[in-house]
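A.B. asks: Sharing input.txt here; it has compact mmCIF, C-alpha atoms.
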```txt
# COMPACT_ATOMS: atom_id res chain seq x y z
CA THR A 1 112.53 122.51 -108.79
CA GLY A 2 113.45 118.85 -108.40
CA ASN A 3 116.31 119.75 -106.05
CA THR A 4 116.92 117.12 -103.38
CA VAL A 5 118.95 116.60 -100.23
CA GLY A 6 119.72 113.02 -99.24
CA LEU A 7 120.95 111.22 -96.14
CA ASP A 8 122.33 107.69 -96.57
CA VAL A 9 122.94 105.57 -93.47
CA ASN A 10 124.18 101.98 -93.68
CA THR A 11 124.80 99.92 -90.53
CA SER A 12 125.59 96.51 -92.02
CA LYS A 13 128.27 94.27 -90.56
CA ARG A 14 130.65 94.85 -93.45
CA TYR A 15 129.93 98.47 -94.41
CA LYS A 16 129.04 101.34 -92.14
CA THR A 17 128.29 104.56 -93.98
CA ILE A 18 126.90 107.99 -93.36
CA ALA A 19 126.66 110.25 -96.40
CA ILE A 20 124.98 113.57 -97.10
CA SER A 21 124.29 114.56 -100.70
CA GLN A 22 122.63 117.41 -102.57
CA LEU A 23 121.39 117.15 -106.16
CA THR A 24 120.41 119.99 -108.47
CA PRO A 25 119.01 118.22 -111.58
CA TYR A 26 118.65 121.46 -113.59
CA TRP A 27 121.81 123.30 -112.63
CA THR A 28 121.73 124.88 -116.08
CA GLU A 29 118.86 125.55 -118.47
CA ASP A 30 120.22 122.81 -120.74
CA GLY A 31 119.57 120.14 -118.09
CA VAL A 32 123.11 119.75 -116.71
CA SER A 33 122.90 118.31 -113.20
CA ARG A 34 125.22 118.88 -110.24
CA ARG A 35 125.64 116.63 -107.22
CA TYR A 36 127.65 117.18 -104.04
CA GLU A 37 128.40 114.41 -101.54
CA ILE A 38 130.25 114.21 -98.22
CA PHE A 39 130.70 110.77 -96.65
CA TYR A 40 132.36 108.74 -93.91
CA ARG A 41 132.66 104.98 -94.39
CA THR A 42 134.05 102.06 -92.42
CA LEU A 43 134.97 98.78 -94.09
CA ARG A 44 135.40 95.51 -92.19
CA PRO A 45 135.89 91.85 -93.21
CA PRO A 46 132.71 90.45 -94.81
CA LEU A 47 132.55 87.12 -92.94
CA VAL A 48 134.55 87.71 -89.75
CA ASP A 49 133.09 88.96 -86.47
CA ASP A 50 136.27 90.22 -84.83
CA ASP A 51 136.85 93.99 -84.75
CA HIS A 52 140.64 93.57 -84.71
CA ASP A 53 141.15 91.92 -88.08
CA TYR A 54 141.41 95.00 -90.27
CA ARG A 55 139.54 98.23 -90.65
CA VAL A 56 139.44 100.89 -93.36
CA ASN A 57 138.04 104.32 -92.50
CA THR A 58 137.39 106.73 -95.37
CA LEU A 59 136.44 110.39 -95.12
CA GLY A 60 135.80 112.15 -98.39
CA GLY A 61 133.66 114.20 -100.68
CA SER A 62 132.94 114.65 -104.36
CA VAL A 63 131.21 116.83 -106.92
CA LYS A 64 129.73 115.36 -110.11
CA PHE A 65 128.06 116.85 -113.16
CA GLY A 66 125.66 115.07 -115.51
CA VAL A 67 125.39 116.25 -119.10
CA PRO A 68 122.47 115.06 -121.29
CA PHE A 69 123.52 114.35 -124.87
CA THR A 70 120.31 112.76 -126.15
CA GLU A 71 116.99 111.69 -124.67
CA LEU A 72 118.62 108.34 -123.79
CA ASP A 73 122.28 109.22 -123.18
CA ARG A 74 123.88 111.04 -120.30
CA VAL A 75 127.58 111.57 -119.51
CA PHE A 76 128.91 112.27 -116.02
CA PHE A 77 132.12 113.99 -114.92
CA GLY A 78 133.38 114.30 -111.37
CA ILE A 79 136.26 114.79 -108.97
CA GLY A 80 136.61 113.62 -105.40
CA VAL A 81 138.97 113.53 -102.44
CA GLU A 82 139.33 110.48 -100.16
CA ALA A 83 141.41 110.24 -96.99
CA ASN A 84 141.79 106.55 -96.12
CA LYS A 85 143.13 105.14 -92.87
CA VAL A 86 143.97 101.43 -92.94
CA GLU A 87 144.47 99.55 -89.66
CA THR A 88 146.00 96.09 -89.74
CA TYR A 89 147.19 93.57 -87.16
CA SER A 90 149.55 90.62 -87.19
CA ASP A 91 146.66 88.31 -88.09
CA SER A 92 145.19 90.51 -90.83
CA PRO A 93 145.01 89.23 -94.44
CA TRP A 94 148.31 89.54 -96.25
CA ARG A 95 146.99 91.88 -98.94
CA TYR A 96 145.92 94.47 -96.38
CA LYS A 97 149.26 94.32 -94.57
CA GLN A 98 151.06 94.59 -97.91
CA PHE A 99 149.02 97.65 -98.87
CA VAL A 100 149.95 99.32 -95.57
CA ALA A 101 153.63 98.58 -96.22
CA ASP A 102 153.62 99.67 -99.88
CA ASN A 103 151.26 102.63 -99.89
CA GLY A 104 151.08 103.99 -96.40
CA GLY A 105 154.03 106.37 -96.51
CA PRO A 106 156.10 107.10 -93.41
CA LYS A 107 153.37 105.92 -91.02
CA ALA A 108 153.40 102.39 -92.40
CA ASN A 109 155.21 99.57 -90.67
CA ALA A 110 158.25 98.57 -92.72
CA ASN A 111 157.65 94.89 -91.96
CA PRO A 112 154.34 93.85 -93.54
CA TYR A 113 154.17 90.74 -91.35
CA HIS A 114 153.31 93.01 -88.45
CA GLY A 115 150.23 95.14 -88.21
CA GLY A 116 150.28 98.90 -88.51
CA ASN A 117 148.38 102.02 -89.43
CA ALA A 118 148.69 103.89 -92.67
CA THR A 119 146.98 106.83 -94.30
CA ALA A 120 146.51 107.03 -98.06
CA LEU A 121 145.11 110.02 -99.92
CA GLY A 122 143.32 109.59 -103.21
CA ILE A 123 141.99 112.19 -105.65
CA PRO A 124 139.84 110.16 -108.05
CA LEU A 125 138.53 111.60 -111.29
CA THR A 126 135.43 109.93 -112.70
CA VAL A 127 133.94 109.76 -116.18
CA ALA A 128 130.74 107.78 -116.73
CA TRP A 129 128.18 107.16 -119.45
CA GLN A 130 124.64 105.84 -119.21
CA ARG A 131 122.14 104.93 -121.93
CA ASP A 132 118.66 103.95 -120.73
CA SER A 133 115.91 102.92 -123.16
CA ARG A 134 113.85 100.85 -120.68
CA ASP A 135 110.10 101.38 -120.63
CA SER A 136 110.12 101.66 -116.82
CA ALA A 137 112.76 102.23 -114.17
CA LEU A 138 110.76 100.31 -111.53
CA VAL A 139 109.40 97.32 -113.45
CA PRO A 140 111.08 97.25 -116.88
CA THR A 141 109.68 94.86 -119.48
CA ASP A 142 111.35 96.13 -122.65
CA GLY A 143 114.51 98.01 -123.63
CA ARG A 144 118.05 98.07 -122.41
CA LEU A 145 120.32 99.78 -119.88
CA GLN A 146 124.04 100.37 -120.34
CA ARG A 147 126.42 101.88 -117.80
CA ALA A 148 130.16 102.49 -118.04
CA ASN A 149 132.31 104.15 -115.39
CA LEU A 150 136.01 104.97 -115.15
CA GLU A 151 137.59 106.05 -111.86
CA LEU A 152 141.14 107.35 -112.22
CA SER A 153 143.50 108.47 -109.44
CA LEU A 154 146.83 109.94 -110.56
CA LEU A 155 147.54 112.20 -107.57
CA GLY A 156 148.02 111.47 -103.89
CA ASP A 157 149.23 108.23 -102.35
CA MET A 158 147.00 105.97 -104.43
CA ARG A 159 147.59 105.61 -108.20
CA TYR A 160 145.08 103.33 -109.89
CA TYR A 161 142.20 103.05 -112.31
CA ARG A 162 138.90 101.23 -111.81
CA ALA A 163 136.62 100.53 -114.77
CA THR A 164 133.12 99.02 -114.70
CA TYR A 165 130.61 98.15 -117.42
CA GLN A 166 127.06 96.80 -117.14
CA HIS A 167 124.62 95.89 -119.91
CA GLN A 168 121.01 94.79 -119.38
CA TYR A 169 118.43 93.61 -121.92
CA TYR A 170 114.70 93.25 -121.26
CA PHE A 171 112.54 91.27 -123.71
CA PRO A 172 108.72 91.03 -123.40
CA LEU A 173 107.37 87.47 -123.45
CA PHE A 174 104.01 85.69 -123.41
CA LEU A 175 101.66 86.03 -120.40
CA ASP A 176 103.16 89.47 -119.67
CA GLY A 177 106.46 87.83 -118.82
CA THR A 178 109.92 89.36 -119.24
CA LEU A 179 113.31 87.88 -120.07
CA MET A 180 116.14 89.82 -118.41
CA LEU A 181 119.79 89.40 -119.41
CA ASN A 182 122.46 91.11 -117.32
CA GLY A 183 126.22 91.20 -117.88
CA GLU A 184 128.95 92.99 -115.93
CA MET A 185 132.70 93.36 -116.43
CA ASP A 186 134.84 95.16 -113.84
CA TYR A 187 138.59 95.73 -113.79
CA GLY A 188 141.05 97.57 -111.54
CA HIS A 189 144.82 98.05 -111.75
CA GLY A 190 147.58 100.07 -110.07
CA PHE A 191 149.92 102.51 -111.83
CA GLY A 192 153.71 102.36 -111.69
CA ASP A 193 155.02 100.92 -108.43
CA LYS A 194 151.64 101.39 -106.71
CA THR A 195 149.49 98.35 -106.13
CA TYR A 196 145.75 98.46 -106.65
CA PRO A 197 144.08 99.46 -103.33
CA VAL A 198 142.79 96.24 -101.82
CA PHE A 199 139.81 98.02 -100.26
CA LYS A 200 138.68 98.99 -103.78
CA ASN A 201 138.32 95.31 -104.67
CA PHE A 202 135.17 93.92 -106.26
CA TYR A 203 133.14 91.19 -104.56
CA ALA A 204 130.75 88.52 -105.79
CA GLY A 205 128.21 86.23 -104.19
CA GLY A 206 124.65 86.95 -103.11
CA ILE A 207 121.80 88.94 -104.61
CA GLY A 208 123.04 91.22 -107.39
CA SER A 209 125.75 88.81 -108.51
CA VAL A 210 125.67 85.02 -107.93
CA ARG A 211 122.79 83.95 -105.72
CA GLY A 212 123.09 80.75 -103.71
CA PHE A 213 126.57 81.75 -102.51
CA GLU A 214 127.01 83.86 -99.38
CA SER A 215 127.38 87.57 -100.01
CA SER A 216 130.97 88.65 -100.88
CA SER A 217 132.29 85.11 -100.40
CA LEU A 218 133.55 84.24 -103.89
CA GLY A 219 137.09 84.69 -105.11
CA ARG A 220 140.45 84.30 -103.43
CA LYS A 221 140.46 83.08 -99.85
CA GLU A 222 143.33 83.88 -97.49
CA GLU A 223 144.08 82.02 -94.29
CA SER A 224 144.33 84.06 -91.09
CA TYR A 225 144.02 83.58 -87.36
CA TYR A 226 140.26 83.87 -87.78
CA GLY A 227 140.04 81.24 -90.51
CA ARG A 228 139.41 81.77 -94.19
CA GLU A 229 138.90 85.36 -95.21
CA TYR A 230 137.48 86.70 -98.45
CA VAL A 231 139.28 89.71 -99.88
CA GLY A 232 137.56 89.98 -103.27
CA GLY A 233 139.52 90.77 -106.40
CA ALA A 234 140.51 93.47 -108.87
CA LYS A 235 138.57 91.74 -111.67
CA ARG A 236 134.96 90.60 -111.77
CA VAL A 237 132.73 88.86 -114.30
CA ILE A 238 128.98 88.51 -113.70
CA GLY A 239 126.19 87.11 -115.89
CA ASN A 240 122.50 86.65 -115.07
CA ILE A 241 119.50 85.24 -116.93
CA GLU A 242 116.13 85.81 -115.30
CA LEU A 243 112.56 84.97 -116.34
CA GLN A 244 110.00 87.22 -114.63
CA PHE A 245 106.22 86.83 -114.54
CA PRO A 246 103.52 88.86 -112.75
CA ILE A 247 101.38 87.18 -110.10
CA PRO A 248 97.75 87.17 -111.36
CA GLY A 249 95.43 89.49 -109.45
CA ALA A 250 98.26 91.19 -107.53
CA ASP A 251 100.07 94.51 -107.81
CA ARG A 252 101.85 94.61 -111.17
CA THR A 253 105.15 95.17 -109.36
CA LEU A 254 104.75 91.84 -107.51
CA ARG A 255 106.45 89.25 -109.70
CA TRP A 256 107.94 85.78 -109.37
CA PHE A 257 111.11 84.82 -111.20
CA THR A 258 113.48 81.99 -111.95
CA PHE A 259 117.15 82.53 -112.71
CA VAL A 260 120.57 81.23 -113.68
CA ASP A 261 123.60 83.17 -112.39
CA ALA A 262 127.30 82.95 -113.18
CA GLY A 263 130.35 84.87 -112.03
CA ASN A 264 133.46 85.20 -109.88
CA VAL A 265 136.20 87.64 -108.91
CA PHE A 266 139.93 87.35 -109.60
CA ALA A 267 143.05 88.89 -108.08
CA GLU A 268 144.98 91.57 -109.96
CA GLU A 269 147.70 89.12 -111.00
CA GLU A 270 145.28 86.32 -111.94
CA THR A 271 143.89 85.55 -115.39
CA ILE A 272 140.12 85.41 -115.78
CA LYS A 273 139.27 81.75 -116.37
CA VAL A 274 135.87 80.53 -117.50
CA GLY A 275 136.49 77.27 -115.65
CA GLU A 276 136.66 79.17 -112.34
CA LEU A 277 133.23 80.77 -112.70
CA ARG A 278 130.56 79.70 -110.22
CA TYR A 279 127.02 78.93 -111.36
CA SER A 280 123.70 78.80 -109.55
CA THR A 281 119.99 78.53 -110.25
CA GLY A 282 116.80 79.08 -108.33
CA PHE A 283 113.62 81.10 -108.01
CA GLY A 284 112.22 84.01 -106.03
CA VAL A 285 109.80 86.91 -105.65
CA SER A 286 110.31 90.65 -106.22
CA TRP A 287 108.08 93.54 -105.21
CA VAL A 288 108.40 97.32 -105.33
CA SER A 289 107.16 97.85 -101.77
CA PRO A 290 106.50 101.23 -100.09
CA MET A 291 109.89 100.79 -98.36
CA GLY A 292 111.71 100.17 -101.64
CA PRO A 293 112.45 97.25 -104.01
CA LEU A 294 112.25 93.91 -102.17
CA ARG A 295 113.75 90.69 -103.53
CA LEU A 296 113.58 87.22 -101.98
CA SER A 297 115.40 84.32 -103.60
CA MET A 298 116.09 80.63 -103.11
CA GLY A 299 119.41 79.86 -104.82
CA TYR A 300 121.19 76.55 -105.34
CA PRO A 301 124.88 76.40 -106.37
CA LEU A 302 125.58 74.18 -109.37
CA ASN A 303 129.37 73.82 -109.08
CA ALA A 304 130.38 74.87 -105.57
CA LYS A 305 133.97 73.99 -104.65
CA SER A 306 135.80 73.46 -101.40
CA GLY A 307 135.83 76.65 -99.34
CA ASP A 308 132.75 78.17 -101.00
CA GLN A 309 130.08 79.41 -98.62
CA ARG A 310 126.55 78.42 -99.61
CA GLU A 311 123.43 80.34 -98.63
CA VAL A 312 120.13 79.16 -100.05
CA PHE A 313 117.72 81.87 -98.83
CA GLN A 314 118.67 85.49 -99.45
CA PHE A 315 116.82 88.78 -99.48
CA THR A 316 117.51 92.46 -100.00
CA LEU A 317 115.47 95.61 -99.41
CA GLY A 318 116.13 98.80 -101.29
CA THR A 319 118.28 97.51 -104.15
CA GLY A 320 118.00 95.25 -107.16
CA PHE A 321 120.11 94.63 -110.26
```
Output the file's structure as structure tokens, nothing else.
C.D. replies:
Amino acid sequence: TGNTVGLDVNTSKRYKTIAISQLTPYWTEDGVSRRYEIFYRTLRPPLVDDDHDYRVNTLGGSVKFGVPFTELDRVFFGIGVEANKVETYSDSPWRYKQFVADNGGPKANANPYHGGNATALGIPLTVAWQRDSRDSALVPTDGRLQRANLELSLLGDMRYYRATYQHQYYFPLFLDGTLMLNGEMDYGHGFGDKTYPVFKNFYAGGIGSVRGFESSSLGRKEESYYGREYVGGAKRVIGNIELQFPIPGADRTLRWFTFVDAGNVFAEEETIKVGELRYSTGFGVSWVSPMGPLRLSMGYPLNAKSGDQREVFQFTLGTGF
């Protein structure tokens, strides 16, 4: 039938997640899909080891439907419910304390300089579109992939929208090589007197965005008791150019690549400036292993500035671009 049940467990330092999902790809005879998900997530600072900086716990669920319009196009509609609990302390980043004060309701501390607990309910509606003309989902060498997603919350304590767009091109080259171009634009904003939820911020740095910089380390940095903290931003711009070539005599999914990356994140009130983008270059190896897609890269920042965290060697298992 193609029906699946999935369990997602993430135990990284920054994100801890447990999610159960169920997908029915042929919910109707016309190929409309239906997906349920229930999840519990914990968010912590990306580069801080202390448990008492800030913490965001989210319990929620969603239902999404996918409607095929053509052989290449599919549109998704969904609705979800998220109950967020934000815990801050006197030494937490200002933006988290401000969110508790502005959006937490009666449980929030009236003085944002002090820590406090706040609950914020969100009921996000989602509309998404995907067009995929790639010749392969695992090792594409030709075609393009476009994704657009709009998340809109007009009810509950959180009032915001969050829009993302990604566009990839794959061009076949000589010696079975491939040129990959990837571009991403992301934007979030609050409605009325509600600020954009800081824990919905975008992050950049590391594999999948700008290699050579530590994961989630780009963008605005706020001083706290624990040093510099990285809180991401409501706007993100990412660009990648990658040349990929197979390794002779090996599995066709084992490829080496060289790349140039660019990107950064910006706060809600900031203007996107080309001069603030970070650039990097390097090389690496990718392989669709039995455990999932594996990518190893050696990245070298080209215009790192004071406060940027560099990280030459990076790897990821299970995800790619």
A.B. asks: A:Asp261, A:Arg252, A:Glu222, A:Val210: which is nearest A:Pro93, counting all atoms listed in the file?
C.D. replies: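 Ranking A:Asp261, A:Arg252, A:Glu222, A:Val210 by distance to A:Pro93, first place goes to A:Glu222.
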A.B. asks: Restricting the calculation to all atoms listed in the file, which member of A:Asp53, A:Asp132, A:Asp142, A:Asp8 is positioned closest to A:Gly116?
C.D. replies: A:Asp53
A.B. asks: One decimal, Å: what's the distance from atom CA of A:Ile241 over to atom CA of A:Asn182, could you say?
C.D. replies: 6.6 Å
A.B. asks: Show me the residues close to (128.8, 90.8, -101.9) - anything with an atom within 7 Å, counting all atoms listed in the file - and format the list as a list in words.
C.D. replies: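 Residues satisfying the cut-off, written out: Tyr203, Ala204, Gly205, Gly206, Ser215, Ser216 and Ser217 of chain A.
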A.B. asks: Taking into account all atoms listed in the file, which residue in the set A:Phe199, A:Phe213, A:Phe245, A:Phe39 is nearest to A:Leu179?
C.D. replies: A:Phe245
A.B. asks: Return the single residue from A:Gly232, A:Pro68, A:Gly212, A:Pro172 that is closest to A:Gln244, with distances computed using only C-alpha atoms.
C.D. replies: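 Under the stated criterion, the closest residue is A:Pro172.
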A.B. asks: Using only C-alpha atoms, which residues sit within 9 Å of A:Pro25 once same-chain residues fewer than 5 positions away are excluded, as number ranges by chain?
C.D. replies: A: 1-4, 31-35, 66
A.B. asks: List the neighbours of stretch 150-162 of chain A out to 10 Å using all atoms listed in the file; skip same-chain residues closer than 4 positions along the sequence, and give me the result as a PDB file with C-alpha atoms, in the coordinates of the input.
C.D. replies:
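Final output, selection_3.pdb:
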```pdb
ATOM      1  CA  PHE A  77     132.120 113.990-114.920  1.00  0.00           C
ATOM      2  CA  GLY A  78     133.380 114.300-111.370  1.00  0.00           C
ATOM      3  CA  ILE A  79     136.260 114.790-108.970  1.00  0.00           C
ATOM      4  CA  GLY A  80     136.610 113.620-105.400  1.00  0.00           C
ATOM      5  CA  VAL A  81     138.970 113.530-102.440  1.00  0.00           C
ATOM      6  CA  GLU A  82     139.330 110.480-100.160  1.00  0.00           C
ATOM      7  CA  ALA A  83     141.410 110.240 -96.990  1.00  0.00           C
ATOM      8  CA  ASN A  84     141.790 106.550 -96.120  1.00  0.00           C
ATOM      9  CA  ASP A 102     153.620  99.670 -99.880  1.00  0.00           C
ATOM     10  CA  ASN A 103     151.260 102.630 -99.890  1.00  0.00           C
ATOM     11  CA  GLY A 104     151.080 103.990 -96.400  1.00  0.00           C
ATOM     12  CA  GLY A 105     154.030 106.370 -96.510  1.00  0.00           C
ATOM     13  CA  THR A 119     146.980 106.830 -94.300  1.00  0.00           C
ATOM     14  CA  ALA A 120     146.510 107.030 -98.060  1.00  0.00           C
ATOM     15  CA  LEU A 121     145.110 110.020 -99.920  1.00  0.00           C
ATOM     16  CA  GLY A 122     143.320 109.590-103.210  1.00  0.00           C
ATOM     17  CA  ILE A 123     141.990 112.190-105.650  1.00  0.00           C
ATOM     18  CA  PRO A 124     139.840 110.160-108.050  1.00  0.00           C
ATOM     19  CA  LEU A 125     138.530 111.600-111.290  1.00  0.00           C
ATOM     20  CA  THR A 126     135.430 109.930-112.700  1.00  0.00           C
ATOM     21  CA  VAL A 127     133.940 109.760-116.180  1.00  0.00           C
ATOM     22  CA  ALA A 128     130.740 107.780-116.730  1.00  0.00           C
ATOM     23  CA  TRP A 129     128.180 107.160-119.450  1.00  0.00           C
ATOM     24  CA  ASP A 186     134.840  95.160-113.840  1.00  0.00           C
ATOM     25  CA  TYR A 187     138.590  95.730-113.790  1.00  0.00           C
ATOM     26  CA  GLY A 188     141.050  97.570-111.540  1.00  0.00           C
ATOM     27  CA  HIS A 189     144.820  98.050-111.750  1.00  0.00           C
ATOM     28  CA  GLY A 190     147.580 100.070-110.070  1.00  0.00           C
ATOM     29  CA  PHE A 191     149.920 102.510-111.830  1.00  0.00           C
ATOM     30  CA  GLY A 192     153.710 102.360-111.690  1.00  0.00           C
ATOM     31  CA  ASP A 193     155.020 100.920-108.430  1.00  0.00           C
ATOM     32  CA  LYS A 194     151.640 101.390-106.710  1.00  0.00           C
ATOM     33  CA  THR A 195     149.490  98.350-106.130  1.00  0.00           C
ATOM     34  CA  TYR A 196     145.750  98.460-106.650  1.00  0.00           C
ATOM     35  CA  PRO A 197     144.080  99.460-103.330  1.00  0.00           C
ATOM     36  CA  LYS A 200     138.680  98.990-103.780  1.00  0.00           C
ATOM     37  CA  ASN A 201     138.320  95.310-104.670  1.00  0.00           C
ATOM     38  CA  PHE A 202     135.170  93.920-106.260  1.00  0.00           C
ATOM     39  CA  ALA A 234     140.510  93.470-108.870  1.00  0.00           C
ATOM     40  CA  LYS A 235     138.570  91.740-111.670  1.00  0.00           C
TER      41      LYS A 235
END
```
A.B. asks: Take atom CA of A:Glu37 and atom CA of A:Arg147 and report the distance between them in Å, one decimal.
C.D. replies: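 These atoms are spaced 20.6 Å apart.
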A.B. asks: Between atom CA of A:Ser209 and atom CA of A:Gly263, measure the distance and give it in Å to one decimal.
C.D. replies: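 Separation of atom CA of A:Ser209 and atom CA of A:Gly263: 7.0 Å.
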A.B. asks: What's around A:Val5 at 8 Å? Count all atoms listed in the file, leave out sequence neighbours fewer than 2 positions away in its own chain, and write the answer as a VMD selection string.
C.D. replies: chain A and resid 3 7 20 to 23
A.B. asks: For A:Val274, list every protein, DNA or RNA residue within 10 Å, evaluated using only C-alpha atoms, and leave out those in the same chain fewer than 6 positions away; present the list as a list in words.
C.D. replies: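 Once the adjacent positions are removed, what remains is Val237, Ala262, Gly263 and Asn264 of chain A.
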A.B. asks: Using C-alpha atoms, can you export the residues from the last selection as an mmCIF file, keeping the file's coordinate frame?
C.D. replies:
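In the end it all went to out.cif:
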```cif
data_model
loop_
_atom_site.group_PDB
_atom_site.id
_atom_site.type_symbol
_atom_site.label_atom_id
_atom_site.label_comp_id
_atom_site.auth_asym_id
_atom_site.auth_seq_id
_atom_site.Cartn_x
_atom_site.Cartn_y
_atom_site.Cartn_z
ATOM 1 C CA VAL A 237 132.730 88.860 -114.300
ATOM 2 C CA ALA A 262 127.300 82.950 -113.180
ATOM 3 C CA GLY A 263 130.350 84.870 -112.030
ATOM 4 C CA ASN A 264 133.460 85.200 -109.880
#
```
A.B. asks: Can you put N, CA, C and O atoms back into stretch 233-247 of chain A and show it as an mmCIF file, in the coordinates of the input?
C.D. replies:
```cif
data_model
loop_
_atom_site.group_PDB
_atom_site.id
_atom_site.type_symbol
_atom_site.label_atom_id
_atom_site.label_comp_id
_atom_site.auth_asym_id
_atom_site.auth_seq_id
_atom_site.Cartn_x
_atom_site.Cartn_y
_atom_site.Cartn_z
ATOM 1 N N GLY A 233 138.532 90.749 -105.338
ATOM 2 C CA GLY A 233 139.520 90.770 -106.400
ATOM 3 C C GLY A 233 139.425 92.034 -107.228
ATOM 4 O O GLY A 233 138.427 92.776 -107.181
ATOM 5 N N ALA A 234 140.464 92.283 -108.013
ATOM 6 C CA ALA A 234 140.510 93.470 -108.870
ATOM 7 C C ALA A 234 139.784 93.256 -110.195
ATOM 8 O O ALA A 234 139.658 94.199 -110.982
ATOM 9 N N LYS A 235 139.300 92.035 -110.440
ATOM 10 C CA LYS A 235 138.570 91.740 -111.670
ATOM 11 C C LYS A 235 137.302 90.980 -111.310
ATOM 12 O O LYS A 235 137.306 90.141 -110.416
ATOM 13 N N ARG A 236 136.229 91.292 -112.029
ATOM 14 C CA ARG A 236 134.960 90.600 -111.770
ATOM 15 C C ARG A 236 134.206 90.378 -113.066
ATOM 16 O O ARG A 236 134.156 91.246 -113.935
ATOM 17 N N VAL A 237 133.594 89.205 -113.165
ATOM 18 C CA VAL A 237 132.730 88.860 -114.300
ATOM 19 C C VAL A 237 131.415 88.339 -113.726
ATOM 20 O O VAL A 237 131.414 87.434 -112.880
ATOM 21 N N ILE A 238 130.296 88.915 -114.168
ATOM 22 C CA ILE A 238 128.980 88.510 -113.700
ATOM 23 C C ILE A 238 128.047 88.358 -114.889
ATOM 24 O O ILE A 238 128.057 89.184 -115.811
ATOM 25 N N GLY A 239 127.224 87.303 -114.882
ATOM 26 C CA GLY A 239 126.190 87.110 -115.890
ATOM 27 C C GLY A 239 124.930 86.566 -115.243
ATOM 28 O O GLY A 239 125.010 85.680 -114.377
ATOM 29 N N ASN A 240 123.776 87.081 -115.645
ATOM 30 C CA ASN A 240 122.500 86.650 -115.070
ATOM 31 C C ASN A 240 121.460 86.494 -116.168
ATOM 32 O O ASN A 240 121.379 87.324 -117.078
ATOM 33 N N ILE A 241 120.676 85.437 -116.081
ATOM 34 C CA ILE A 241 119.500 85.240 -116.930
ATOM 35 C C ILE A 241 118.313 85.064 -115.994
ATOM 36 O O ILE A 241 118.350 84.231 -115.085
ATOM 37 N N GLU A 242 117.262 85.852 -116.213
ATOM 38 C CA GLU A 242 116.130 85.810 -115.300
ATOM 39 C C GLU A 242 114.825 85.877 -116.081
ATOM 40 O O GLU A 242 114.647 86.753 -116.936
ATOM 41 N N LEU A 243 113.911 84.959 -115.782
ATOM 42 C CA LEU A 243 112.560 84.970 -116.340
ATOM 43 C C LEU A 243 111.622 85.506 -115.271
ATOM 44 O O LEU A 243 111.567 84.963 -114.156
ATOM 45 N N GLN A 244 110.879 86.569 -115.591
ATOM 46 C CA GLN A 244 110.000 87.220 -114.630
ATOM 47 C C GLN A 244 108.562 87.168 -115.126
ATOM 48 O O GLN A 244 108.296 87.407 -116.309
ATOM 49 N N PHE A 245 107.642 86.874 -114.200
ATOM 50 C CA PHE A 245 106.220 86.830 -114.540
ATOM 51 C C PHE A 245 105.403 87.477 -113.433
ATOM 52 O O PHE A 245 105.708 87.289 -112.248
ATOM 53 N N PRO A 246 104.368 88.256 -113.786
ATOM 54 C CA PRO A 246 103.520 88.860 -112.750
ATOM 55 C C PRO A 246 102.663 87.801 -112.071
ATOM 56 O O PRO A 246 102.360 86.749 -112.653
ATOM 57 N N ILE A 247 102.281 88.066 -110.835
ATOM 58 C CA ILE A 247 101.380 87.180 -110.100
ATOM 59 C C ILE A 247 99.947 87.636 -110.383
ATOM 60 O O ILE A 247 99.594 88.787 -110.108
#
```
